[in-house]
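Asker: There's a structure below that I have some questions on.
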Amino acid sequence: MTTVQTATGLEQTMVLNMGPQHPSTHGVLRVLLELDGENIIKADVDIGYLHTGVEKTAEALTYSQAITITDRMDYLAPLSNNLAYCLAVEKLLGIEVPKRAQYIRVLLTELTRIGSHLVWLGTHAIDLGAMSVFLYCFREREELLKIFELVSGQRMMTSYFRIGGLALEPPAGWTDHVENIVRTFPARFDEYEELLTKNRIWIARTQGVGVLSAEDAIAMGVSGPSLRGSGVDYDVRKYFPYSSYDEFDFQVQVRSEGDCYARYLCRVGEMRESLKIVRQALEKIPPEGPIKADAPGIVPPQREKMKTEMEALIYHFKIFTEGFAPPPGEVYQRVESPRGELGCFLASDGSPKPYRMRMRTPSFVNLQALQKMVVGHLVADAIASIGTLDIVLGEIDR
Amino acid sequence: MTENPDLEKNLNITKIRAWRPAAIADLILFRGEVTVVVPREHLRPLAEFLFSDPELKFTYLSDVTGMDRFPIEPRFELNYHLLSLSRRDILRLRVRLPGQDPVIETVIPVWPTANWHEREIFDLFGIHFDGHPNLRRMLLPEDWEGYPLRKDYPVEGPR
């Protein structure tokens, strides 16, 4: 803590260094709070502590190899990152993924959304003093991670979506586990709501706190539930449907208050809507069918074919030695990640490596709005405001 | 200029052309995405026009992306991804900047969200934004040398 002279020379403000090692910053975020007593008059955000140069690294990898580093940006929603990247490459190549793979992608990304929102709800609640919610949320998240492990072999860094489809056929009986979740989770969400929605302390800590008007939110480029809590219904799944989202029936959760409580209700509502999508996807996914596009030279051939067909063997060798080269050009693919608009800008120069991969990560842009949300409020409200933005520092710093 | 019937019918392009023909240096259509290449002195007025025109209403700036085409000149490229929430329409503006003087006017007064995007591009590409209130290093330490996302900067870092 230090004290600094203000411009008037009469009053003194204090600069409080919050973070980078602070439990409520959800990673390594540093905020320099200029305080007048307990009121915030300025909040300077300092990021970059987790910068690993993902975009530069991708330029040295082939298109298929780069999938693995997309997992590591938003570590709470790796499948959404995989999806944004794979859809961008597929757009660049001009190939379409079979319907069965598209539905499985939708199902898994919606489960990811639930898992990510659960982590958000748990950590946000613990920031504001509600310990038990955290334990329940992580108990439920574990069930979701088990499904990811079942399907892809990994709990978190799944890399399950590949260019042209999925990595491998999901194991037999995997849908039983998903059905179990669809059956049991609504009651669990009711439990959380019972603990929080009408809890007087929760309401006192979140209602009217961190208010963000619709105009400010749009001007700052905020997206996702943080934007929808301010009354703007922008959801990429509805505005620019991808991966057959237009075939699913779900409601976009919008609240007009723009405070932490509204964003809380949006996210809880979104979890229920995600379950609705999962239920529909379970009905839509055909029991059998291709999970990879028919694109020789891009999608690795089946093992059996490699043993009988010369071309398949050659393609396999070429894909894994030199990769494939999309035509020169640039695409921008947006998806709705749990945090908002996740955009992947890909530029190809006709070589097997991305010439430029840019990830427009929602946390990075949403965090800009923090200043608008906390100035004039108390330090304790800054904790609530950081929590309600649902940031992941891994994708902010990349 | 590319002659493409789809592009000529595009509302955004006809409006820009009617407003200031010189603002369109080139038009690119790739995989259904329209890119308008803008000379750099026209970018800021064009941004204001696209933002405020009642028929276009590009009120939301999704992203600003830098790119380095080294050794091709002009080597730097900036891509502005615009979104019109009321019309559910998208548009990409592209500005090319020479390596000798990579300077462009900021768009923060039009879209405040550009603040951090421009700072990040300054940090990683060394492109200067005229009128930016706080053009400092963002992701890298203050004393970092060089601009890592430039193509003449090796992946392993400088030797």
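In the structure tokens, each chain is lettered A, B, ... as it comes, each chain's residues begin at 1, and ligands are numbered from 1 in order of appearance.
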Quick one: pick out all strand (DSSP E or B) residues within segment 8-158 of chain B from a backbone DSSP run and write them as a ChimeraX atom specification.

Answerer: /B:26-30,33-37,60-68,76-84,89-97,103-105,128-130

Asker: As a list in words, could you give me every residue of chain A near chain B (at most 8 Å apart, counting only C-alpha atoms)?

Answerer: Asp46, Ile47, Gly48, Tyr49, His51, Glu55, Lys56, Thr57, Ala60, Lys91, Leu92, Gly94, Ile218, Ala219, Met220, Gly221, Tyr234, Tyr239, Phe240, Gly329, Glu330, Val331, Phe345, Arg356, Arg358, Arg360, Val365, Gln368 and Asp397 of chain A

Asker: Contacts of Val133 of chain A at 10 Å or less, counting only C-alpha atoms, minus same-chain residues fewer than 6 places along, as number ranges by chain?

Answerer: A: 118, 121-126, 139, 191-193, 195-196

Asker: Using only C-alpha atoms, find the one residue out of A:Cys260, A:Ala369, A:Ile114, A:Met73 that sits nearest to Tyr85 of chain A.

Answerer: A:Met73

Asker: I'd like to know which of B:Pro158, B:Leu93, B:Leu83, B:Tyr147 is closest to Ser223 of chain A, using only C-alpha atoms.

Answerer: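 Smallest separation from Ser223 of chain A among the options: B:Leu83.
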